[in-house]
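Asks: Below: one structure in structure tokens.
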Amino acid sequence: MNIAKSVSLFQQAKTLMPGGVSSPVRAFRAVGGQPLFIDRGEGPYLIDVDGNRYIDYVLSWGPLILGHAQPQVVRALQEAAAKGSSFGAPSPLEIELAELIRTFIPRIEMMRFVNSGTEAVMSALRLARAYTGRDKVIKFVGNYHGHADMLLVKAGSGVATLGLPDSPGVPAATVSNTLLAHYNDLDSVEQLFDEHKGQIAAVIVEPVAGNMGMIPPLPAFLPGLRQLTSAHDALLVFDEVMTGFRVHPGGAQTLYAIQPDITTLGKVIGGGLPVGAYGGRREIMEMVAPAGPVYQAGTLSGNPLAMTAGIATLKQLQSPAAWEHFERVGSRLLAGLQDAARAAGVPIQVQRLGSMFGMFFSAEAVSDWDTASGADSRRFAAYFQQMLAQGVYLAPSQFESGFLSTVHTEVEIDQTVAAAANAFAHLATESAG
Ligand SMILES: *Cc1c(COP(=O)(O)O)cnc(C)c1O
């Protein structure tokens, strides 16, 4: 594989941007090698600047559920761009996207559009604190909610449990109101409610964890969170920035029939343009300015291009055929990976819900950060490189989810499974030798 142009661009990029990238995981640090510079996307494929073609399971980290440059989305964007890229004033497009979102997720009675998932979560927690008049928030180790200061505590190390920040530059005081519990462990949540009686504004959770690899909730977990938050007059915030329109048309809250108080969205609802949203019960949302006192604003929020891409994307997800497609190609991919790994004698754990999937190199079931971080990262790095060399582009970390689109067909799935069979066989001989 010739990547000469990517190599040269990366050298140049490193002189201009920290690590040569605009977001850290793109740098391939966890798997070695260097990032590929991309020229274009076509349906399920990415094509790099050297002309190499890859089946893409990253899909811009989730948003591109219809694949790259989907013709209807492109056409809608061209027409919208010709009418102006931002008005700084309301447009009918915001109403159209909001109506669509509420049709899919009726619990989101009202919403506010923002420009990223980070912004959605940050604003949702400000609102939860204002609504309850309390300061503390419970989050789960290994859940990611964007890079806002107060949420940059997560790693499973000993310091994390003391509520110390994960990143320099985050004041300890900022995270002192962030309490850490363990995913899929209700006792750890109950204990925090007992220790901080009357002080906890909200529990925020990825209802299906997708940022420590993919880890579905155990059956009692989400109902237990709903029950505990209600009993303590705290709000339940579902961060569905990743799971929204991925695990089910109505998000994880519909899949598991749980009603959160506030939901955050992003990724898919922008169809590949920068968008986030937070929403929930009318009575809570009417606290947001200018209806209420909780300030939150954005120069480009609700801009016509992002709204247009979101509308064009969600309309196509109204078709049951899209969801039947995810079941069909998704189960084919998982069965293929499981069979290939078994044949090679390589233990893996795979999970899938709708168009989101994950794989760990682990013989043990994975249910939280501790078990996830026990998975074999060296094996993953070798697997990643083997797959890339065979034209399959996976997220460059085991602790990320994989994504399918409506244009990943049986052809791409079968090529991927064949590549995985080769990669597993290679891993098996490597560990034998
Ligand atoms: C991606 C993600 C975010 C952050 O969204 P950005 O648009 O990257 O700011 C927040 N929460 C979850 C669950 C995510 O997956």
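Here, A, B, ... name the chains of the structure tokens in the order displayed, residue numbers run from 1 inside each chain, and ligands are numbered from 1 in the same displayed order.
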Which residues of chain A come within 9 Å of ligand 1, and for each one, what is the closest pair of atoms and their distance in Å to one decimal, counting only C-alpha atoms and all ligand atoms, sorted by chain and residue number, as a Markdown table?
Replies:
```
| residue | atom | partner | partner_atom_place_in_ligand_line | distance |
| --- | --- | --- | --- | --- |
| A:Ser23 | CA | ligand 1 | 8 (O) | 8.9 |
| A:Trp61 | CA | ligand 1 | 1 (C) | 7.4 |
| A:Gly62 | CA | ligand 1 | 1 (C) | 8.0 |
| A:Asn115 | CA | ligand 1 | 7 (O) | 7.4 |
| A:Ser116 | CA | ligand 1 | 7 (O) | 3.8 |
| A:Gly117 | CA | ligand 1 | 5 (O) | 3.2 |
| A:Thr118 | CA | ligand 1 | 9 (O) | 3.6 |
| A:Glu119 | CA | ligand 1 | 9 (O) | 6.4 |
| A:Ala120 | CA | ligand 1 | 10 (C) | 7.9 |
| A:Val121 | CA | ligand 1 | 10 (C) | 6.7 |
| A:Asn143 | CA | ligand 1 | 13 (C) | 7.2 |
| A:Tyr144 | CA | ligand 1 | 11 (N) | 5.5 |
| A:His145 | CA | ligand 1 | 11 (N) | 3.6 |
| A:Gly146 | CA | ligand 1 | 4 (C) | 3.8 |
| A:His147 | CA | ligand 1 | 9 (O) | 7.0 |
| A:Ala148 | CA | ligand 1 | 9 (O) | 8.8 |
| A:Val205 | CA | ligand 1 | 13 (C) | 8.2 |
| A:Glu206 | CA | ligand 1 | 13 (C) | 5.6 |
| A:Pro207 | CA | ligand 1 | 13 (C) | 8.7 |
| A:Val208 | CA | ligand 1 | 13 (C) | 8.8 |
| A:Ala209 | CA | ligand 1 | 13 (C) | 7.5 |
| A:Gly210 | CA | ligand 1 | 15 (O) | 6.5 |
| A:Asn211 | CA | ligand 1 | 15 (O) | 6.3 |
| A:Phe238 | CA | ligand 1 | 13 (C) | 8.8 |
| A:Asp239 | CA | ligand 1 | 13 (C) | 5.3 |
| A:Glu240 | CA | ligand 1 | 13 (C) | 5.8 |
| A:Val241 | CA | ligand 1 | 12 (C) | 4.7 |
| A:Met242 | CA | ligand 1 | 15 (O) | 4.3 |
| A:Thr243 | CA | ligand 1 | 13 (C) | 7.3 |
| A:Thr264 | CA | ligand 1 | 11 (N) | 7.8 |
| A:Leu265 | CA | ligand 1 | 11 (N) | 8.0 |
| A:Gly266 | CA | ligand 1 | 7 (O) | 6.0 |
| A:Lys267 | CA | ligand 1 | 7 (O) | 6.3 |
| A:Pro274 | CA | ligand 1 | 7 (O) | 7.0 |
| A:Val275 | CA | ligand 1 | 7 (O) | 7.0 |
| A:Gly276 | CA | ligand 1 | 7 (O) | 6.6 |
```
Asks: Could you save those same residues with C-alpha atoms as a compact mmCIF listing (two decimals), in the first residue's frame?
Replies:
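Produced file part_36.txt, reproduced below:
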```
# COMPACT_ATOMS: atom_id res chain seq x y z
CA SER A 23 -9.14 15.71 17.06
CA TRP A 61 -17.33 8.53 14.06
CA GLY A 62 -21.01 7.82 13.59
CA ASN A 115 -23.27 22.76 17.15
CA SER A 116 -21.76 19.65 18.73
CA GLY A 117 -22.42 16.84 21.15
CA THR A 118 -20.08 18.47 23.66
CA GLU A 119 -22.18 21.62 23.64
CA ALA A 120 -25.41 19.63 23.95
CA VAL A 121 -24.21 17.79 27.05
CA ASN A 143 -18.56 6.96 29.46
CA TYR A 144 -17.61 9.90 27.23
CA HIS A 145 -19.76 13.01 27.02
CA GLY A 146 -17.54 15.38 25.06
CA HIS A 147 -14.66 17.49 26.33
CA ALA A 148 -16.37 19.95 28.71
CA VAL A 205 -25.28 8.01 31.10
CA GLU A 206 -24.60 6.63 27.67
CA PRO A 207 -27.59 4.24 27.67
CA VAL A 208 -25.55 1.91 25.48
CA ALA A 209 -21.89 2.66 26.14
CA GLY A 210 -20.08 3.38 22.89
CA ASN A 211 -16.90 5.15 23.93
CA PHE A 238 -29.51 10.05 28.43
CA ASP A 239 -26.55 11.02 26.30
CA GLU A 240 -27.76 9.64 22.97
CA VAL A 241 -25.27 11.60 20.87
CA MET A 242 -24.02 8.25 19.58
CA THR A 243 -26.96 5.87 20.15
CA THR A 264 -28.74 14.85 24.20
CA LEU A 265 -28.29 14.20 20.49
CA GLY A 266 -25.65 14.91 17.86
CA LYS A 267 -23.83 12.92 15.15
CA PRO A 274 -21.79 19.95 12.86
CA VAL A 275 -24.92 19.66 15.04
CA GLY A 276 -26.04 18.78 18.53
```
Asks: Residues at most 12 Å from Leu255 (chain A), counting only C-alpha atoms, excluding those fewer than 4 positions away in the same chain, as a list in words?
Replies: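 Result of the neighbour search: Phe104, Ile105, Pro207, Val208, Pro216, Pro217, Pro219, Leu222, Thr243, Gly244, Phe245, Arg246, Val247, His248, Pro249, Gly250, Gly251, Gln259, Leu353 and Gly354 of chain A.
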Asks: Skip region 285-302 of chain A itself and residues of its chain fewer than 5 positions away, then list as a list in words all residues within 7 Å of it, counting only C-alpha atoms.
Replies: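 Close residues of region 285-302 of chain A: Ser86, Gly88, Glu94, Met110, Met111, Phe113, Val114, Asn115, Ser123, Leu127, Gly279, Gly280 and Met307 of chain A.
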Asks: Could you dump the residues just selected with N, CA and C atoms as a PDB file, in the first residue's frame?
Replies:
```pdb
ATOM      1  N   SER A  86     -26.007  30.788   6.472  1.00  0.00           N
ATOM      2  CA  SER A  86     -26.433  31.050   7.849  1.00  0.00           C
ATOM      3  C   SER A  86     -27.195  32.364   7.881  1.00  0.00           C
ATOM      4  N   GLY A  88     -28.599  33.645  11.085  1.00  0.00           N
ATOM      5  CA  GLY A  88     -28.639  34.257  12.410  1.00  0.00           C
ATOM      6  C   GLY A  88     -30.041  34.699  12.771  1.00  0.00           C
ATOM      7  N   GLU A  94     -35.505  24.641  10.979  1.00  0.00           N
ATOM      8  CA  GLU A  94     -35.389  24.215  12.379  1.00  0.00           C
ATOM      9  C   GLU A  94     -36.667  23.513  12.836  1.00  0.00           C
ATOM     10  N   MET A 110     -39.608  19.294  23.589  1.00  0.00           N
ATOM     11  CA  MET A 110     -39.006  20.526  23.078  1.00  0.00           C
ATOM     12  C   MET A 110     -37.505  20.327  23.030  1.00  0.00           C
ATOM     13  N   MET A 111     -36.849  21.082  22.155  1.00  0.00           N
ATOM     14  CA  MET A 111     -35.387  20.928  22.069  1.00  0.00           C
ATOM     15  C   MET A 111     -34.725  22.240  21.693  1.00  0.00           C
ATOM     16  N   PHE A 113     -31.243  23.437  19.435  1.00  0.00           N
ATOM     17  CA  PHE A 113     -30.130  23.016  18.576  1.00  0.00           C
ATOM     18  C   PHE A 113     -28.845  23.744  18.956  1.00  0.00           C
ATOM     19  N   VAL A 114     -27.747  22.992  18.949  1.00  0.00           N
ATOM     20  CA  VAL A 114     -26.412  23.540  19.193  1.00  0.00           C
ATOM     21  C   VAL A 114     -25.491  23.003  18.089  1.00  0.00           C
ATOM     22  N   ASN A 115     -24.161  23.107  18.260  1.00  0.00           N
ATOM     23  CA  ASN A 115     -23.267  22.762  17.149  1.00  0.00           C
ATOM     24  C   ASN A 115     -22.421  21.516  17.335  1.00  0.00           C
ATOM     25  N   SER A 123     -24.745  21.965  28.018  1.00  0.00           N
ATOM     26  CA  SER A 123     -25.951  22.766  28.205  1.00  0.00           C
ATOM     27  C   SER A 123     -27.012  21.975  28.961  1.00  0.00           C
ATOM     28  N   LEU A 127     -28.772  22.982  32.553  1.00  0.00           N
ATOM     29  CA  LEU A 127     -30.226  22.998  32.708  1.00  0.00           C
ATOM     30  C   LEU A 127     -30.667  22.097  33.873  1.00  0.00           C
ATOM     31  N   GLY A 279     -32.867  18.099  24.609  1.00  0.00           N
ATOM     32  CA  GLY A 279     -34.303  18.306  24.708  1.00  0.00           C
ATOM     33  C   GLY A 279     -34.909  17.385  25.737  1.00  0.00           C
ATOM     34  N   GLY A 280     -36.183  17.595  25.986  1.00  0.00           N
ATOM     35  CA  GLY A 280     -36.879  16.772  26.963  1.00  0.00           C
ATOM     36  C   GLY A 280     -38.250  17.328  27.254  1.00  0.00           C
ATOM     37  N   MET A 307     -29.229  21.893   9.391  1.00  0.00           N
ATOM     38  CA  MET A 307     -30.620  21.447   9.482  1.00  0.00           C
ATOM     39  C   MET A 307     -31.011  20.646   8.233  1.00  0.00           C
TER      40      MET A 307
END
```
Asks: Show me, as a PyMOL selection string, the residues that have an atom within 10 Å of Arg379 (chain A) when counting only C-alpha atoms, minus same-chain residues fewer than 4 positions from it.
Replies: chain A and resi 31+346+360-362+375+383-384+398+424+427-428+430-431
Asks: Store the residues of this selection in a file with N, CA, C and O atoms, as a PDB file, in the first residue's frame.
Replies:
```pdb
ATOM      1  N   VAL A  31      -2.665   2.621  17.718  1.00  0.00           N
ATOM      2  CA  VAL A  31      -2.378   1.469  16.858  1.00  0.00           C
ATOM      3  C   VAL A  31      -1.051   1.596  16.113  1.00  0.00           C
ATOM      4  O   VAL A  31      -0.640   0.678  15.397  1.00  0.00           O
ATOM      5  N   VAL A 346      -9.036 -17.475  18.134  1.00  0.00           N
ATOM      6  CA  VAL A 346      -8.770 -16.163  18.746  1.00  0.00           C
ATOM      7  C   VAL A 346     -10.025 -15.742  19.518  1.00  0.00           C
ATOM      8  O   VAL A 346     -11.079 -15.548  18.923  1.00  0.00           O
ATOM      9  N   PHE A 360     -14.129  -6.770  21.139  1.00  0.00           N
ATOM     10  CA  PHE A 360     -12.990  -6.772  22.066  1.00  0.00           C
ATOM     11  C   PHE A 360     -12.192  -8.061  21.881  1.00  0.00           C
ATOM     12  O   PHE A 360     -12.782  -9.128  21.718  1.00  0.00           O
ATOM     13  N   PHE A 361     -10.881  -7.955  21.977  1.00  0.00           N
ATOM     14  CA  PHE A 361     -10.041  -9.158  22.038  1.00  0.00           C
ATOM     15  C   PHE A 361      -9.974  -9.588  23.498  1.00  0.00           C
ATOM     16  O   PHE A 361      -9.079  -9.193  24.244  1.00  0.00           O
ATOM     17  N   SER A 362     -10.973 -10.367  23.893  1.00  0.00           N
ATOM     18  CA  SER A 362     -11.083 -10.771  25.287  1.00  0.00           C
ATOM     19  C   SER A 362     -11.812 -12.103  25.352  1.00  0.00           C
ATOM     20  O   SER A 362     -12.749 -12.338  24.574  1.00  0.00           O
ATOM     21  N   ALA A 375      -9.078  -5.985  27.888  1.00  0.00           N
ATOM     22  CA  ALA A 375      -8.970  -6.581  26.551  1.00  0.00           C
ATOM     23  C   ALA A 375      -7.574  -6.320  25.985  1.00  0.00           C
ATOM     24  O   ALA A 375      -6.894  -5.379  26.391  1.00  0.00           O
ATOM     25  N   TYR A 383      -4.353  -6.386  14.571  1.00  0.00           N
ATOM     26  CA  TYR A 383      -5.567  -6.638  13.772  1.00  0.00           C
ATOM     27  C   TYR A 383      -5.918  -5.409  12.935  1.00  0.00           C
ATOM     28  O   TYR A 383      -6.191  -5.508  11.735  1.00  0.00           O
ATOM     29  N   PHE A 384      -5.869  -4.257  13.570  1.00  0.00           N
ATOM     30  CA  PHE A 384      -6.191  -3.004  12.873  1.00  0.00           C
ATOM     31  C   PHE A 384      -5.306  -2.836  11.633  1.00  0.00           C
ATOM     32  O   PHE A 384      -5.788  -2.533  10.544  1.00  0.00           O
ATOM     33  N   GLN A 398      -9.457   0.054  20.068  1.00  0.00           N
ATOM     34  CA  GLN A 398     -10.407  -0.990  20.447  1.00  0.00           C
ATOM     35  C   GLN A 398     -11.571  -0.405  21.243  1.00  0.00           C
ATOM     36  O   GLN A 398     -12.634  -1.002  21.338  1.00  0.00           O
ATOM     37  N   PHE A 424      -7.216 -12.746  11.705  1.00  0.00           N
ATOM     38  CA  PHE A 424      -7.263 -13.632  12.886  1.00  0.00           C
ATOM     39  C   PHE A 424      -6.234 -14.762  12.744  1.00  0.00           C
ATOM     40  O   PHE A 424      -5.542 -15.103  13.702  1.00  0.00           O
ATOM     41  N   LEU A 427      -2.903 -13.443  13.547  1.00  0.00           N
ATOM     42  CA  LEU A 427      -2.738 -13.244  14.997  1.00  0.00           C
ATOM     43  C   LEU A 427      -2.440 -14.562  15.689  1.00  0.00           C
ATOM     44  O   LEU A 427      -1.598 -14.635  16.589  1.00  0.00           O
ATOM     45  N   ALA A 428      -3.167 -15.604  15.266  1.00  0.00           N
ATOM     46  CA  ALA A 428      -3.006 -16.915  15.903  1.00  0.00           C
ATOM     47  C   ALA A 428      -1.599 -17.447  15.695  1.00  0.00           C
ATOM     48  O   ALA A 428      -0.964 -17.948  16.624  1.00  0.00           O
ATOM     49  N   GLU A 430       1.043 -15.640  15.044  1.00  0.00           N
ATOM     50  CA  GLU A 430       1.956 -14.738  15.737  1.00  0.00           C
ATOM     51  C   GLU A 430       2.104 -15.138  17.214  1.00  0.00           C
ATOM     52  O   GLU A 430       3.211 -15.232  17.728  1.00  0.00           O
ATOM     53  N   SER A 431       0.950 -15.410  17.882  1.00  0.00           N
ATOM     54  CA  SER A 431       1.051 -15.741  19.295  1.00  0.00           C
ATOM     55  C   SER A 431       1.616 -17.148  19.493  1.00  0.00           C
ATOM     56  O   SER A 431       2.239 -17.445  20.495  1.00  0.00           O
TER      57      SER A 431
END
```
Asks: DSSP on the backbone, then: every residue of region 103-282 of chain A marked helix (DSSP H, G or I), written as a tab-separated table (two decimals) with N, CA and C atoms, in the first residue's frame.
Replies:
```tsv
chain	number	residue	atom	x	y	z
A	103	THR	N	-40.96	13.17	16.27
A	103	THR	CA	-41.74	12.02	15.78
A	103	THR	C	-41.02	10.71	16.13
A	104	PHE	N	-39.70	10.72	15.98
A	104	PHE	CA	-38.92	9.52	16.31
A	104	PHE	C	-38.83	9.31	17.83
A	117	GLY	N	-21.96	17.64	20.02
A	117	GLY	CA	-22.42	16.84	21.15
A	117	GLY	C	-21.91	17.40	22.47
A	118	THR	N	-20.67	17.88	22.46
A	118	THR	CA	-20.08	18.47	23.66
A	118	THR	C	-20.95	19.60	24.18
A	119	GLU	N	-21.34	20.47	23.27
A	119	GLU	CA	-22.18	21.62	23.64
A	119	GLU	C	-23.55	21.16	24.16
A	120	ALA	N	-24.10	20.12	23.53
A	120	ALA	CA	-25.41	19.63	23.95
A	120	ALA	C	-25.36	19.14	25.40
A	121	VAL	N	-24.31	18.37	25.71
A	121	VAL	CA	-24.21	17.79	27.05
A	121	VAL	C	-23.94	18.87	28.10
A	122	MET	N	-23.03	19.77	27.76
A	122	MET	CA	-22.69	20.87	28.66
A	122	MET	C	-23.95	21.67	29.03
A	123	SER	N	-24.75	21.97	28.02
A	123	SER	CA	-25.95	22.77	28.20
A	123	SER	C	-27.01	21.97	28.96
A	124	ALA	N	-27.11	20.68	28.66
A	124	ALA	CA	-28.11	19.84	29.32
A	124	ALA	C	-27.84	19.78	30.83
A	125	LEU	N	-26.56	19.72	31.19
A	125	LEU	CA	-26.25	19.64	32.62
A	125	LEU	C	-26.45	20.98	33.32
A	126	ARG	N	-26.19	22.07	32.61
A	126	ARG	CA	-26.49	23.39	33.19
A	126	ARG	C	-27.99	23.47	33.50
A	127	LEU	N	-28.77	22.98	32.55
A	127	LEU	CA	-30.23	23.00	32.71
A	127	LEU	C	-30.67	22.10	33.87
A	128	ALA	N	-30.08	20.91	33.96
A	128	ALA	CA	-30.45	19.97	35.04
A	128	ALA	C	-30.14	20.58	36.40
A	129	ARG	N	-29.02	21.28	36.49
A	129	ARG	CA	-28.63	21.91	37.75
A	129	ARG	C	-29.57	23.06	38.08
A	130	ALA	N	-29.93	23.83	37.07
A	130	ALA	CA	-30.84	24.95	37.30
A	130	ALA	C	-32.21	24.42	37.73
A	131	TYR	N	-32.66	23.37	37.07
A	131	TYR	CA	-34.00	22.84	37.33
A	131	TYR	C	-34.11	22.27	38.75
A	132	THR	N	-33.06	21.58	39.19
A	132	THR	CA	-33.11	20.93	40.51
A	132	THR	C	-32.57	21.84	41.61
A	149	ASP	N	-15.05	20.65	30.61
A	149	ASP	CA	-14.20	20.48	31.80
A	149	ASP	C	-14.78	19.51	32.83
A	150	MET	N	-16.02	19.77	33.22
A	150	MET	CA	-16.58	19.02	34.36
A	150	MET	C	-16.77	17.54	34.06
A	151	LEU	N	-16.67	17.16	32.76
A	151	LEU	CA	-16.91	15.76	32.41
A	151	LEU	C	-15.64	15.03	31.98
A	158	GLY	N	-6.91	4.73	39.86
A	158	GLY	CA	-7.28	5.07	41.22
A	158	GLY	C	-7.63	6.53	41.41
A	159	VAL	N	-6.91	7.41	40.76
A	159	VAL	CA	-7.19	8.85	40.92
A	159	VAL	C	-8.58	9.22	40.44
A	160	ALA	N	-9.06	8.49	39.45
A	160	ALA	CA	-10.36	8.85	38.89
A	160	ALA	C	-11.44	8.80	39.97
A	161	THR	N	-11.34	7.82	40.85
A	161	THR	CA	-12.38	7.68	41.87
A	161	THR	C	-12.34	8.82	42.88
A	162	LEU	N	-11.23	9.56	42.92
A	162	LEU	CA	-11.16	10.73	43.79
A	162	LEU	C	-11.73	11.96	43.11
A	172	ALA	N	-9.33	21.28	39.59
A	172	ALA	CA	-9.95	20.27	40.46
A	172	ALA	C	-11.32	20.75	40.94
A	173	ALA	N	-11.44	22.07	41.17
A	173	ALA	CA	-12.72	22.60	41.64
A	173	ALA	C	-13.85	22.36	40.64
A	174	THR	N	-13.50	22.38	39.35
A	174	THR	CA	-14.51	22.20	38.31
A	174	THR	C	-15.10	20.80	38.32
A	175	VAL	N	-14.27	19.82	38.68
A	175	VAL	CA	-14.77	18.44	38.65
A	175	VAL	C	-15.17	17.96	40.04
A	186	LEU	N	-25.48	-0.77	39.72
A	186	LEU	CA	-26.45	0.11	40.38
A	186	LEU	C	-26.05	0.44	41.82
A	187	ASP	N	-25.40	-0.54	42.49
A	187	ASP	CA	-24.99	-0.28	43.87
A	187	ASP	C	-24.08	0.93	43.97
A	188	SER	N	-23.20	1.09	42.98
A	188	SER	CA	-22.27	2.22	43.02
A	188	SER	C	-23.03	3.55	42.90
A	189	VAL	N	-24.16	3.53	42.23
A	189	VAL	CA	-24.98	4.74	42.08
A	189	VAL	C	-25.75	5.00	43.37
A	190	GLU	N	-26.32	3.95	43.89
A	190	GLU	CA	-27.11	4.07	45.12
A	190	GLU	C	-26.26	4.61	46.26
A	191	GLN	N	-25.04	4.13	46.32
A	191	GLN	CA	-24.11	4.56	47.36
A	191	GLN	C	-23.85	6.08	47.27
A	192	LEU	N	-23.68	6.59	46.04
A	192	LEU	CA	-23.45	8.03	45.87
A	192	LEU	C	-24.69	8.83	46.27
A	193	PHE	N	-25.86	8.33	45.95
A	193	PHE	CA	-27.09	9.03	46.36
A	193	PHE	C	-27.20	9.07	47.88
A	194	ASP	N	-26.77	7.99	48.54
A	194	ASP	CA	-26.82	7.97	50.01
A	194	ASP	C	-25.82	8.94	50.62
A	195	GLU	N	-24.61	8.99	50.01
A	195	GLU	CA	-23.55	9.85	50.56
A	195	GLU	C	-23.81	11.34	50.31
A	221	PHE	N	-30.08	-2.36	34.64
A	221	PHE	CA	-29.30	-1.12	34.84
A	221	PHE	C	-30.11	0.15	34.56
A	222	LEU	N	-30.66	0.27	33.36
A	222	LEU	CA	-31.37	1.51	33.03
A	222	LEU	C	-32.67	1.67	33.84
A	223	PRO	N	-33.47	0.59	34.00
A	223	PRO	CA	-34.65	0.75	34.87
A	223	PRO	C	-34.25	1.16	36.29
A	224	GLY	N	-33.13	0.63	36.77
A	224	GLY	CA	-32.65	0.98	38.11
A	224	GLY	C	-32.26	2.45	38.20
A	225	LEU	N	-31.62	2.97	37.14
A	225	LEU	CA	-31.24	4.39	37.13
A	225	LEU	C	-32.49	5.27	37.13
A	226	ARG	N	-33.49	4.84	36.37
A	226	ARG	CA	-34.74	5.62	36.32
A	226	ARG	C	-35.38	5.65	37.72
A	227	GLN	N	-35.39	4.50	38.36
A	227	GLN	CA	-36.03	4.39	39.66
A	227	GLN	C	-35.27	5.21	40.72
A	228	LEU	N	-33.94	5.09	40.71
A	228	LEU	CA	-33.12	5.81	41.71
A	228	LEU	C	-33.20	7.33	41.53
A	229	THR	N	-33.12	7.79	40.28
A	229	THR	CA	-33.18	9.25	40.05
A	229	THR	C	-34.54	9.78	40.47
A	230	SER	N	-35.60	9.07	40.13
A	230	SER	CA	-36.95	9.54	40.52
A	230	SER	C	-37.08	9.58	42.04
A	231	ALA	N	-36.59	8.53	42.69
A	231	ALA	CA	-36.72	8.46	44.15
A	231	ALA	C	-35.98	9.60	44.83
A	251	GLY	N	-33.93	5.64	19.34
A	251	GLY	CA	-32.82	5.72	20.30
A	251	GLY	C	-32.88	4.61	21.34
A	252	ALA	N	-31.90	4.62	22.23
A	252	ALA	CA	-31.84	3.59	23.27
A	252	ALA	C	-33.06	3.70	24.20
A	253	GLN	N	-33.59	4.91	24.39
A	253	GLN	CA	-34.73	5.07	25.29
A	253	GLN	C	-35.96	4.33	24.78
A	254	THR	N	-36.11	4.22	23.46
A	254	THR	CA	-37.24	3.47	22.91
A	254	THR	C	-36.92	1.98	22.93
A	255	LEU	N	-35.69	1.64	22.57
A	255	LEU	CA	-35.27	0.24	22.58
A	255	LEU	C	-35.48	-0.39	23.96
A	267	LYS	N	-24.21	13.90	16.18
A	267	LYS	CA	-23.83	12.92	15.15
A	267	LYS	C	-24.91	12.74	14.06
A	268	VAL	N	-25.71	11.66	14.08
A	268	VAL	CA	-26.61	11.38	12.97
A	268	VAL	C	-27.57	12.54	12.66
A	269	ILE	N	-28.04	13.27	13.65
A	269	ILE	CA	-29.04	14.32	13.36
A	269	ILE	C	-28.47	15.47	12.55
A	270	GLY	N	-27.15	15.49	12.34
A	270	GLY	CA	-26.55	16.52	11.49
A	270	GLY	C	-26.16	15.98	10.12
A	282	ARG	N	-41.30	19.47	28.29
A	282	ARG	CA	-41.56	20.90	28.07
A	282	ARG	C	-41.26	21.74	29.32
```
Asks: Could you tell me how far CA of Ala80 (chain A) lies from CA of Gly67 (chain A), in Å and to one decimal?
Replies: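 Interatomic distance, CA of Ala80 (chain A) to CA of Gly67 (chain A): 20.0 Å.
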Asks: For Ala322 (chain A), find every residue with an atom within 12 Å (counting only C-alpha atoms), except residues of its own chain fewer than 3 positions away, and show them as a PyMOL selection string.
Replies: chain A and resi 65-66+245-246+248-249+313-319+325-330+354-355+404-409
Asks: Find the residues near region 416-422 of chain A: any atom within 9 Å, counting only C-alpha atoms, skip ones fewer than 3 places away on the same chain, and give them as a count of residues only.
Replies: 22
Asks: Quick one: distance from CA of Leu46 (chain A) to CA of Ser60 (chain A) in Å, one decimal?
Replies: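 Between these atoms lies a distance of 10.3 Å.
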Asks: Would you list the contacts of Ile200 (chain A) as a list of chain:residue names, taking every protein, DNA or RNA residue within 7 Å and counting only C-alpha atoms, but skipping same-chain residues closer than 5 positions in sequence?
Replies: A:Arg134, A:Asp135, A:Lys136, A:Val137, A:Ala234
